[in-house]
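J.: Just so it is clear, I am handing over coords-v1.cif, which has mmCIF, C-alpha atoms and all ligand atoms.
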```cif
data_target
loop_
_atom_site.label_atom_id
_atom_site.label_comp_id
_atom_site.auth_asym_id
_atom_site.auth_seq_id
_atom_site.Cartn_x
_atom_site.Cartn_y
_atom_site.Cartn_z
CA MET A 1 106.39 92.77 132.60
CA HIS A 2 104.98 94.94 129.83
CA ILE A 3 102.65 93.54 127.16
CA THR A 4 101.74 95.65 124.16
CA VAL A 5 98.65 94.91 122.05
CA CYS A 6 98.64 95.86 118.37
CA LEU A 7 95.64 94.58 116.39
CA THR A 8 95.24 96.26 113.03
CA ASP A 9 91.56 96.72 112.06
CA LEU A 10 90.34 95.06 115.29
CA LYS A 11 89.16 96.57 118.55
CA PRO A 12 91.88 96.00 121.15
CA ASP A 13 90.08 96.93 124.40
CA ALA A 14 88.69 93.51 125.35
CA TRP A 15 92.08 91.93 124.59
CA VAL A 16 93.83 94.44 126.83
CA SER A 17 91.39 93.92 129.70
CA GLY A 18 91.47 90.12 129.28
CA LEU A 19 95.26 90.05 129.44
CA GLN A 20 95.36 92.56 132.28
CA HIS A 21 92.94 90.39 134.24
CA GLU A 22 95.29 87.40 133.91
CA PHE A 23 98.43 89.45 134.65
CA PRO A 24 97.33 92.00 137.28
CA GLU A 25 100.94 92.86 138.07
CA ALA A 26 101.85 93.59 134.45
CA HIS A 27 101.48 96.73 132.39
CA VAL A 28 99.21 95.89 129.43
CA SER A 29 98.47 98.61 126.89
CA VAL A 30 97.54 99.32 123.30
CA TRP A 31 100.60 99.97 121.15
CA GLN A 32 101.07 103.50 119.86
CA PRO A 33 104.05 105.02 118.08
CA GLY A 34 106.67 105.85 120.67
CA ALA A 35 105.26 103.38 123.24
CA PRO A 36 107.71 102.18 125.93
CA PRO A 37 109.59 98.90 125.37
CA ALA A 38 107.52 95.74 125.90
CA ASP A 39 108.50 92.17 126.74
CA HIS A 40 105.74 90.57 124.68
CA ALA A 41 103.35 91.72 121.99
CA VAL A 42 99.93 90.37 121.08
CA VAL A 43 99.39 91.20 117.42
CA TRP A 44 97.42 90.93 114.22
CA SER A 45 99.05 92.45 111.11
CA PRO A 46 101.16 94.97 113.05
CA PRO A 47 102.92 97.76 111.15
CA GLN A 48 106.66 97.54 110.52
CA ARG A 49 107.09 100.59 112.74
CA MET A 50 105.89 98.68 115.79
CA LEU A 51 108.57 96.02 115.33
CA ASP A 52 111.26 98.59 114.55
CA GLU A 53 110.44 100.41 117.79
CA GLN A 54 110.42 97.22 119.90
CA PRO A 55 113.85 95.60 119.37
CA GLY A 56 113.72 93.92 122.79
CA LEU A 57 110.48 91.97 122.26
CA ARG A 58 110.81 88.37 123.37
CA GLY A 59 107.51 86.95 122.21
CA LEU A 60 105.30 88.10 119.35
CA PHE A 61 101.97 86.32 119.87
CA ASN A 62 99.85 86.24 116.72
CA ILE A 63 96.12 86.01 117.45
CA GLY A 64 95.55 84.00 114.26
CA ALA A 65 96.88 80.73 112.91
CA GLY A 66 98.37 82.12 109.71
CA VAL A 67 101.57 84.16 110.01
CA ASP A 68 102.00 85.14 106.36
CA ALA A 69 101.39 88.85 107.10
CA LEU A 70 103.97 88.79 109.92
CA LEU A 71 106.61 87.05 107.87
CA LYS A 72 106.58 89.88 105.35
CA LEU A 73 107.98 92.14 108.07
CA ARG A 74 111.54 92.65 109.36
CA MET A 75 111.66 91.00 112.78
CA PRO A 76 113.77 92.08 115.75
CA LEU A 77 116.73 89.68 115.98
CA HIS A 78 115.73 87.75 119.09
CA THR A 79 111.94 87.85 118.89
CA ARG A 80 110.12 84.52 118.61
CA ILE A 81 106.82 84.37 116.73
CA VAL A 82 104.13 82.21 118.30
CA ARG A 83 100.82 81.63 116.53
CA VAL A 84 97.49 80.57 117.98
CA GLU A 85 96.90 76.86 117.45
CA ASP A 86 93.28 75.75 117.19
CA ALA A 87 91.80 77.70 120.16
CA GLY A 88 88.33 76.88 118.83
CA MET A 89 89.17 77.36 115.14
CA ALA A 90 89.54 73.69 114.19
CA VAL A 91 85.92 72.80 114.94
CA GLN A 92 84.75 75.85 112.98
CA MET A 93 86.88 74.79 110.01
CA ALA A 94 85.46 71.28 110.21
CA GLU A 95 81.91 72.67 110.23
CA TYR A 96 82.59 74.97 107.31
CA VAL A 97 84.27 72.39 105.09
CA CYS A 98 81.74 69.64 105.85
CA HIS A 99 78.93 72.09 105.11
CA ALA A 100 80.43 73.12 101.74
CA LEU A 101 81.23 69.53 100.81
CA ILE A 102 77.83 68.12 101.72
CA ARG A 103 75.95 71.01 100.17
CA HIS A 104 77.73 70.23 96.90
CA PHE A 105 77.63 66.43 97.15
CA ARG A 106 73.94 66.29 98.08
CA GLU A 107 73.03 68.99 95.53
CA PHE A 108 71.27 71.14 98.12
CA ASP A 109 71.53 74.24 95.89
CA ALA A 110 69.51 72.47 93.19
CA TYR A 111 66.92 71.31 95.76
CA GLU A 112 66.66 74.89 96.97
CA VAL A 113 65.90 76.10 93.43
CA ASP A 114 63.30 73.31 93.05
CA ALA A 115 61.71 74.20 96.39
CA ARG A 116 61.36 77.87 95.43
CA GLN A 117 59.42 76.68 92.37
CA GLY A 118 57.29 74.25 94.36
CA SER A 119 58.85 71.39 92.46
CA TRP A 120 59.01 67.95 94.16
CA GLY A 121 61.67 65.87 92.43
CA TYR A 122 64.28 63.41 93.60
CA ARG A 123 67.81 63.36 92.29
CA ALA A 124 69.67 60.11 91.85
CA PRO A 125 71.83 59.38 94.89
CA ARG A 126 75.54 60.05 94.31
CA LEU A 127 78.20 57.66 95.51
CA ARG A 128 80.67 58.82 98.12
CA SER A 129 83.26 56.55 96.58
CA GLN A 130 83.13 58.85 93.53
CA PHE A 131 83.79 61.96 95.63
CA PRO A 132 87.19 61.42 97.27
CA VAL A 133 88.22 64.51 99.23
CA GLY A 134 91.81 65.77 99.22
CA VAL A 135 92.90 67.96 102.12
CA MET A 136 96.03 70.01 101.42
CA GLY A 137 97.75 70.62 104.74
CA LEU A 138 97.32 68.16 107.59
CA GLY A 139 98.30 70.48 110.40
CA VAL A 140 96.23 71.56 113.37
CA LEU A 141 93.26 72.56 111.20
CA GLY A 142 93.68 70.20 108.23
CA GLU A 143 93.86 67.08 110.37
CA ARG A 144 90.66 68.02 112.19
CA VAL A 145 88.92 68.71 108.87
CA ALA A 146 90.14 65.48 107.29
CA LYS A 147 88.89 63.45 110.26
CA ALA A 148 85.51 65.21 110.20
CA VAL A 149 85.08 64.52 106.49
CA ALA A 150 86.07 60.88 107.00
CA GLN A 151 83.29 60.60 109.62
CA PHE A 152 80.84 61.05 106.74
CA ASP A 153 82.42 58.06 104.97
CA PHE A 154 84.02 59.99 102.14
CA PRO A 155 87.38 58.60 101.04
CA VAL A 156 89.94 61.14 102.33
CA ASN A 157 93.44 61.90 101.06
CA GLY A 158 95.79 64.25 102.85
CA TRP A 159 98.83 66.06 101.49
CA SER A 160 101.55 67.46 103.73
CA ARG A 161 105.30 67.99 103.76
CA SER A 162 105.96 65.08 106.09
CA PRO A 163 104.13 61.73 105.93
CA LYS A 164 101.26 61.24 108.41
CA ASP A 165 99.73 58.21 110.02
CA ILE A 166 96.11 59.23 110.69
CA ALA A 167 93.44 56.54 110.84
CA GLY A 168 91.16 56.72 107.80
CA ILE A 169 93.29 59.24 105.92
CA ARG A 170 95.55 58.27 103.02
CA SER A 171 98.77 60.20 103.38
CA PHE A 172 100.60 61.79 100.45
CA ALA A 173 103.76 63.68 101.33
CA GLY A 174 106.01 66.07 99.50
CA HIS A 175 106.08 67.67 96.11
CA GLN A 176 106.74 64.38 94.32
CA SER A 177 103.38 63.00 95.46
CA LEU A 178 101.29 66.06 94.56
CA ASP A 179 100.17 64.81 91.15
CA ALA A 180 99.06 61.44 92.56
CA PHE A 181 97.24 63.19 95.40
CA LEU A 182 95.38 65.47 92.97
CA ALA A 183 94.51 62.63 90.61
CA GLU A 184 93.05 60.62 93.51
CA SER A 185 90.98 63.56 94.83
CA ARG A 186 87.81 65.11 93.42
CA VAL A 187 86.99 67.70 96.06
CA LEU A 188 90.06 69.74 97.00
CA VAL A 189 90.30 71.54 100.35
CA CYS A 190 93.19 73.96 100.86
CA LEU A 191 94.44 74.36 104.43
CA LEU A 192 98.08 75.13 103.72
CA PRO A 193 100.04 78.08 105.06
CA VAL A 194 101.18 80.55 102.40
CA THR A 195 104.88 80.04 101.78
CA PRO A 196 107.06 80.42 98.66
CA ASP A 197 106.29 76.72 97.97
CA THR A 198 102.51 76.97 98.26
CA ARG A 199 101.69 80.41 96.81
CA GLY A 200 99.61 79.92 93.65
CA ILE A 201 99.33 76.17 94.20
CA LEU A 202 95.67 76.22 93.12
CA ARG A 203 96.16 77.02 89.46
CA ARG A 204 95.11 75.68 86.08
CA GLU A 205 97.93 73.13 85.93
CA THR A 206 97.07 71.58 89.30
CA LEU A 207 93.29 71.96 89.23
CA THR A 208 93.00 70.13 85.91
CA LYS A 209 94.67 67.11 87.53
CA LEU A 210 91.83 66.66 90.01
CA ASN A 211 89.59 63.61 89.58
CA GLY A 212 92.15 61.85 87.37
CA GLY A 213 91.93 64.73 84.91
CA ALA A 214 88.19 64.15 84.31
CA PRO A 215 85.64 66.97 84.75
CA GLY A 216 83.80 67.26 88.07
CA GLY A 217 86.37 68.66 90.49
CA TYR A 218 85.33 71.03 93.29
CA VAL A 219 87.54 73.50 95.22
CA ILE A 220 87.19 74.70 98.81
CA ASN A 221 89.78 77.33 99.73
CA VAL A 222 89.80 78.25 103.40
CA ALA A 223 93.50 79.02 103.74
CA ARG A 224 94.64 82.18 101.98
CA GLY A 225 93.68 83.97 98.77
CA ALA A 226 97.31 83.80 97.64
CA HIS A 227 96.99 80.02 97.17
CA LEU A 228 94.60 80.48 94.25
CA VAL A 229 95.52 81.97 90.88
CA GLU A 230 92.18 83.76 90.65
CA ALA A 231 92.31 84.31 86.88
CA ASP A 232 92.48 80.53 86.32
CA LEU A 233 89.31 79.61 88.19
CA ILE A 234 86.42 81.01 86.13
CA PRO A 235 87.63 79.59 82.79
CA LEU A 236 87.81 76.11 84.41
CA LEU A 237 84.28 76.49 85.81
CA ASP A 238 82.87 77.84 82.54
CA ALA A 239 84.50 75.03 80.54
CA GLY A 240 82.87 72.48 82.87
CA GLN A 241 86.24 71.12 84.07
CA LEU A 242 85.35 72.16 87.62
CA ASP A 243 81.83 71.88 89.03
CA GLY A 244 82.17 74.67 91.57
CA ALA A 245 84.14 76.39 94.29
CA THR A 246 83.55 77.62 97.81
CA LEU A 247 85.96 80.41 98.65
CA ASP A 248 86.48 82.06 102.02
CA VAL A 249 89.73 83.88 101.28
CA PHE A 250 90.84 86.15 98.45
CA GLU A 251 93.88 87.88 97.03
CA THR A 252 92.28 91.23 97.98
CA GLU A 253 90.09 91.39 101.09
CA PRO A 254 87.41 92.60 101.36
CA LEU A 255 86.63 91.13 97.94
CA PRO A 256 86.12 94.18 95.66
CA ALA A 257 82.47 94.87 94.79
CA ASP A 258 83.08 94.41 91.06
CA HIS A 259 84.95 91.10 91.44
CA PRO A 260 83.42 88.42 89.16
CA PHE A 261 83.53 85.81 91.97
CA TRP A 262 80.58 87.54 93.67
CA ARG A 263 78.23 86.84 90.81
CA HIS A 264 79.47 83.56 89.33
CA PRO A 265 76.73 80.92 89.73
CA LYS A 266 79.22 78.17 90.56
CA ILE A 267 81.14 80.12 93.21
CA THR A 268 80.09 80.54 96.83
CA VAL A 269 81.80 83.45 98.59
CA THR A 270 82.12 83.95 102.34
CA PRO A 271 83.99 86.89 103.94
CA HIS A 272 87.03 85.17 105.55
CA ALA A 273 84.68 83.73 108.13
CA SER A 274 85.37 79.99 108.04
CA ALA A 275 87.19 80.00 111.41
CA ARG A 276 87.12 83.16 113.48
CA THR A 277 89.58 83.83 116.26
CA LEU A 278 87.78 83.28 119.57
CA ARG A 279 89.04 85.86 122.03
CA GLU A 280 88.72 84.02 125.33
CA GLU A 281 90.25 80.77 124.04
CA SER A 282 93.06 82.67 122.36
CA ILE A 283 93.84 84.80 125.41
CA ALA A 284 93.94 81.65 127.57
CA GLN A 285 96.42 80.01 125.18
CA ILE A 286 98.63 83.11 124.91
CA VAL A 287 98.57 83.64 128.68
CA SER A 288 99.72 80.09 129.39
CA LYS A 289 102.61 80.53 126.95
CA ILE A 290 103.68 83.88 128.38
CA ARG A 291 103.57 82.30 131.86
CA ALA A 292 105.79 79.46 130.62
CA VAL A 293 108.31 81.89 129.15
CA GLU A 294 108.31 84.12 132.20
CA GLY A 295 108.67 81.03 134.37
CA GLY A 296 111.93 80.20 132.60
CA ALA A 297 110.79 77.47 130.20
CA GLY A 298 111.74 79.55 127.15
CA PHE A 299 110.30 79.00 123.69
CA ASP A 300 112.02 75.76 122.73
CA GLY A 301 109.50 72.97 122.37
CA MET A 302 106.54 75.33 122.75
CA ALA A 303 103.60 74.53 120.46
CA GLY A 304 102.94 77.15 117.82
CA VAL A 305 106.43 78.62 117.61
CA VAL A 306 106.96 79.59 113.98
CA ASP A 307 109.91 78.10 112.12
CA LEU A 308 111.24 80.97 110.02
CA GLU A 309 113.07 78.61 107.64
CA ARG A 310 109.90 76.63 106.82
CA GLY A 311 107.77 79.79 106.75
CA TYR A 312 105.01 78.46 109.02
P1 LIG B 401 99.71 74.16 110.49
O1 LIG B 401 101.04 74.85 110.45
O2 LIG B 401 99.33 73.42 111.71
O3 LIG B 401 99.61 73.13 109.27
C1 LIG B 401 100.17 73.39 108.02
C2 LIG B 401 100.12 72.11 107.20
O4 LIG B 401 100.54 72.42 105.86
C3 LIG B 401 101.07 71.03 107.71
O5 LIG B 401 100.48 69.75 107.60
C4 LIG B 401 102.26 71.13 106.76
O6 LIG B 401 102.97 69.92 106.57
C5 LIG B 401 101.55 71.50 105.47
N1 LIG B 401 102.47 72.14 104.53
C6 LIG B 401 103.17 73.29 104.68
N2 LIG B 401 103.93 73.53 103.59
C7 LIG B 401 103.72 72.49 102.75
C8 LIG B 401 104.23 72.13 101.48
N3 LIG B 401 105.12 72.91 100.84
N4 LIG B 401 103.82 70.98 100.91
C9 LIG B 401 102.91 70.18 101.55
N5 LIG B 401 102.38 70.46 102.76
C10 LIG B 401 102.79 71.61 103.35
O7 LIG B 401 98.62 75.27 110.14
P2 LIG B 401 97.08 75.33 110.58
O8 LIG B 401 96.45 74.04 110.25
O9 LIG B 401 96.95 75.85 111.96
O10 LIG B 401 96.56 76.50 109.60
C11 LIG B 401 96.66 76.37 108.20
C12 LIG B 401 96.35 77.69 107.51
O11 LIG B 401 94.94 77.95 107.58
C13 LIG B 401 96.96 78.93 108.15
O12 LIG B 401 98.30 79.11 107.73
C14 LIG B 401 96.06 80.05 107.66
O13 LIG B 401 96.56 80.60 106.47
C15 LIG B 401 94.74 79.34 107.36
N6 LIG B 401 93.67 79.82 108.24
C16 LIG B 401 92.56 80.39 107.68
C17 LIG B 401 91.52 80.81 108.47
C18 LIG B 401 90.29 81.40 107.88
O14 LIG B 401 89.46 81.94 108.60
N7 LIG B 401 90.07 81.29 106.59
C19 LIG B 401 91.57 80.68 109.94
C20 LIG B 401 92.76 80.04 110.41
C21 LIG B 401 93.77 79.64 109.59
P3 LIG B 401 103.76 69.21 107.81
O15 LIG B 401 102.67 68.69 108.73
O16 LIG B 401 104.52 68.13 107.17
O17 LIG B 401 104.58 70.30 108.45
C1 LIG B 402 93.95 83.06 110.81
C2 LIG B 402 92.83 83.67 110.11
O1 LIG B 402 95.03 82.89 110.21
O2 LIG B 402 91.83 84.05 110.76
O3 LIG B 402 93.78 82.73 111.99
O4 LIG B 402 92.87 83.78 108.88
#
```
Take the structure in the file and write it out as structure tokens.

T.:
Amino acid sequence: MHITVCLTDLKPDAWVSGLQHEFPEAHVSVWQPGAPPADHAVVWSPPQRMLDEQPGLRGLFNIGAGVDALLKLRMPLHTRIVRVEDAGMAVQMAEYVCHALIRHFREFDAYEVDARQGSWGYRAPRLRSQFPVGVMGLGVLGERVAKAVAQFDFPVNGWSRSPKDIAGIRSFAGHQSLDAFLAESRVLVCLLPVTPDTRGILRRETLTKLNGGAPGGYVINVARGAHLVEADLIPLLDAGQLDGATLDVFETEPLPADHPFWRHPKITVTPHASARTLREESIAQIVSKIRAVEGGAGFDGMAGVVDLERGY
């Protein structure tokens, strides 16, 4: 068996040695133009050339959860795309979203300003019932986030393509329920994949429906920059329709130095760091899937196999 590793902008050596350790009999190497044919590839944002030169690939194992970059490429006819599911990312997402939510809800930024000025002053407690949280996407990461938020007694709504039955989460499913979901939510968390249906879903028209159309909405985008129409956000913040936003992902990454998001007082920026790929967990998951395929189980029924029709 030959496994090729092609990780754009990431150091591949520890991935190669980790995979080689698990498959001592295999040939594991870093992809280079003209490399010999491989059975499986472990990838992050590979170039089109790699796929064009590897028409016999059986499995393309993405080391992240989102496959939007891969789906822009022309795939070899029989290659199956398999993404990493969770592998330590879900708990990180839950931490990140709960942190952003609670920081906003409990007004910790304002307390921080007070503290710097040596000012001792209480703020009136806010009611959780007035801060319902809407999680867009109730997949591997969204479900974990929704459950974590519910643990803090916030009302939680979830929006997905198919209806869900998750204790403590009110399920809204499909496009026809989007307006009701937005109206019932005040803090909006995006954990959708980017597909033709979800690109630009965080835009003026949808964001003004939050909180029953009243001011006070808050946006947490931890999915992809392409979900947000960036030009719509600052006018909504400046007009007071939205109270703030925490953004981890952007249309252009790294976020350009002159981008107004960096300096806006109501926007918190993090550098696509909400849930990092953990190498050891991810290698273990990929290895067990390659073993299953090589053992004859094939890809049907395997968790994380991407459905090209759905786009995730
Ligand atoms: P999943 O595929 O497990 O979940 C996707 C969810 O989105 C599902 O609940 C799905 O509905 C729902 N969905 C998809 N399309 C629609 C639609 N048109 N309308 C309503 N709901 C829809 O993905 P993950 O939870 O693993 O990951 C989600 C995304 O998070 C990734 O695609 C990636 O972009 C992003 N991500 C960001 C990271 C970061 O560091 N910022 C790290 C990791 C991931 P259904 O359940 O009905 O299929
Ligand atoms: C992912 C990511 O998709 O890190 O896993 O963004």

J.: Which residues come within 9 Å of region 131-143 of chain A, counting only C-alpha atoms, excluding same-chain residues fewer than 6 positions away, as a PyMOL selection string?

T.: chain A and resi 85-86+89-91+93-94+101+105+149-150+154-161+164+166+181-182+184-193+211+217

J.: With all atoms listed in the file as the atoms that count, which of A:Pro24, A:Gly59, A:Pro265, A:Pro271 lies nearest to ligand LIG 401 (chain B)?

T.: A:Pro271

J.: With distances taken over all atoms listed in the file, which of A:Lys289, A:His175, A:Arg116, A:Arg279 is nearest to ligand LIG 402 (chain B)?

T.: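 Between A:Lys289, A:His175, A:Arg116, A:Arg279, the residue approaching ligand LIG 402 (chain B) most closely is A:Arg279.
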
J.: Show me which residues line ligand LIG 402 (chain B), defined as having an atom within 7 Å of a ligand atom where all atoms listed in the file count, and present them as a list in words.

T.: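 Listing the residues within 7 Å of ligand LIG 402 (chain B) gives Ile63, Gly64, Ala65, Gly66, Val67, His272, Ala275, Arg276 and Thr277 of chain A.
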
J.: Which one of A:Ala35, A:Gly88, A:Gln54, A:Leu70 sits closest to Ser282 (chain A) if you count only C-alpha atoms?

T.: A:Gly88

J.: Quick one: 3 Å padding each side, axis-aligned, all listed atoms of region 26-33 of chain A - centre and edge lengths in Å to one decimal, as JSON?

T.:
```
{"center_x": 100.8, "center_y": 99.3, "center_z": 126.3, "size_x": 12.5, "size_y": 17.4, "size_z": 22.4}
```

J.: What's the 12 Å shell around Asp248 (chain A), counting all atoms listed in the file, without same-chain residues fewer than 4 positions away, as a PyMOL selection string?

T.: chain A and resi 93+96-97+100+189-191+219-228+252-255+261-262+267-276

J.: Quick one: of A:Gly301, A:Gly200, A:Gly295, A:Pro125, who's nearest to ligand LIG 401 (chain B), counting only C-alpha atoms and all ligand atoms?

T.: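 When distances to ligand LIG 401 (chain B) are compared using only C-alpha atoms and all ligand atoms, the smallest one comes from A:Gly200.
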
J.: Name the closest residue to ligand LIG 401 (chain B) among the candidates A:Glu205, A:Asp109, A:Asp307, A:Asp197; distances are taken between atoms, counting all atoms listed in the file.

T.: A:Asp197

J.: Considering all atoms listed in the file, state which residue in the set A:His104, A:His264, A:Leu236, A:Leu308 is at the smallest distance from Met75 (chain A).

T.: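 Closest residue, counting all atoms listed in the file: A:Leu308.
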
J.: Applying 12 Å and only C-alpha atoms, which residues near Glu309 (chain A) remain after dropping the ones on its own chain fewer than 4 positions away? List them as a compact mmCIF listing (two decimals) with C-alpha atoms, in the frame of the given file.

T.:
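Wrote it out as part_32.txt, contents follow:
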```
# COMPACT_ATOMS: atom_id res chain seq x y z
CA LEU A 71 106.61 87.05 107.87
CA THR A 195 104.88 80.04 101.78
CA PRO A 196 107.06 80.42 98.66
CA ASP A 197 106.29 76.72 97.97
CA VAL A 305 106.43 78.62 117.61
```

J.: Where atoms are missing, can you supply N, CA, C and O atoms for region 260-271 of chain A and output the lot as a CSV table (one decimal), in the coordinates of the input?

T.:
```
chain,number,residue,atom,x,y,z
A,260,PRO,N,84.4,89.4,89.8
A,260,PRO,CA,83.4,88.4,89.2
A,260,PRO,C,83.1,87.2,90.1
A,260,PRO,O,82.0,86.6,89.8
A,261,PHE,N,83.9,86.9,91.1
A,261,PHE,CA,83.5,85.8,92.0
A,261,PHE,C,82.2,86.0,92.6
A,261,PHE,O,81.5,85.1,92.9
A,262,TRP,N,81.8,87.3,92.9
A,262,TRP,CA,80.6,87.5,93.7
A,262,TRP,C,79.4,87.0,92.9
A,262,TRP,O,78.4,86.5,93.5
A,263,ARG,N,79.4,87.1,91.6
A,263,ARG,CA,78.2,86.8,90.8
A,263,ARG,C,78.3,85.5,90.1
A,263,ARG,O,77.3,85.1,89.4
A,264,HIS,N,79.4,84.8,90.1
A,264,HIS,CA,79.5,83.6,89.3
A,264,HIS,C,78.6,82.5,90.0
A,264,HIS,O,78.6,82.2,91.2
A,265,PRO,N,77.7,81.9,89.1
A,265,PRO,CA,76.7,80.9,89.7
A,265,PRO,C,77.4,79.7,90.3
A,265,PRO,O,76.7,79.0,91.1
A,266,LYS,N,78.6,79.4,90.0
A,266,LYS,CA,79.2,78.2,90.6
A,266,LYS,C,80.2,78.5,91.7
A,266,LYS,O,80.9,77.6,92.2
A,267,ILE,N,80.2,79.7,92.1
A,267,ILE,CA,81.1,80.1,93.2
A,267,ILE,C,80.3,80.6,94.4
A,267,ILE,O,79.4,81.4,94.3
A,268,THR,N,80.6,80.0,95.6
A,268,THR,CA,80.1,80.5,96.8
A,268,THR,C,81.2,81.3,97.5
A,268,THR,O,82.3,80.8,97.7
A,269,VAL,N,80.8,82.5,97.9
A,269,VAL,CA,81.8,83.4,98.6
A,269,VAL,C,81.4,83.6,100.0
A,269,VAL,O,80.2,83.9,100.3
A,270,THR,N,82.3,83.5,101.0
A,270,THR,CA,82.1,84.0,102.3
A,270,THR,C,83.3,84.9,102.7
A,270,THR,O,84.4,84.8,102.1
A,271,PRO,N,83.0,85.8,103.7
A,271,PRO,CA,84.0,86.9,103.9
A,271,PRO,C,85.1,86.5,105.0
A,271,PRO,O,85.1,87.1,106.1
```
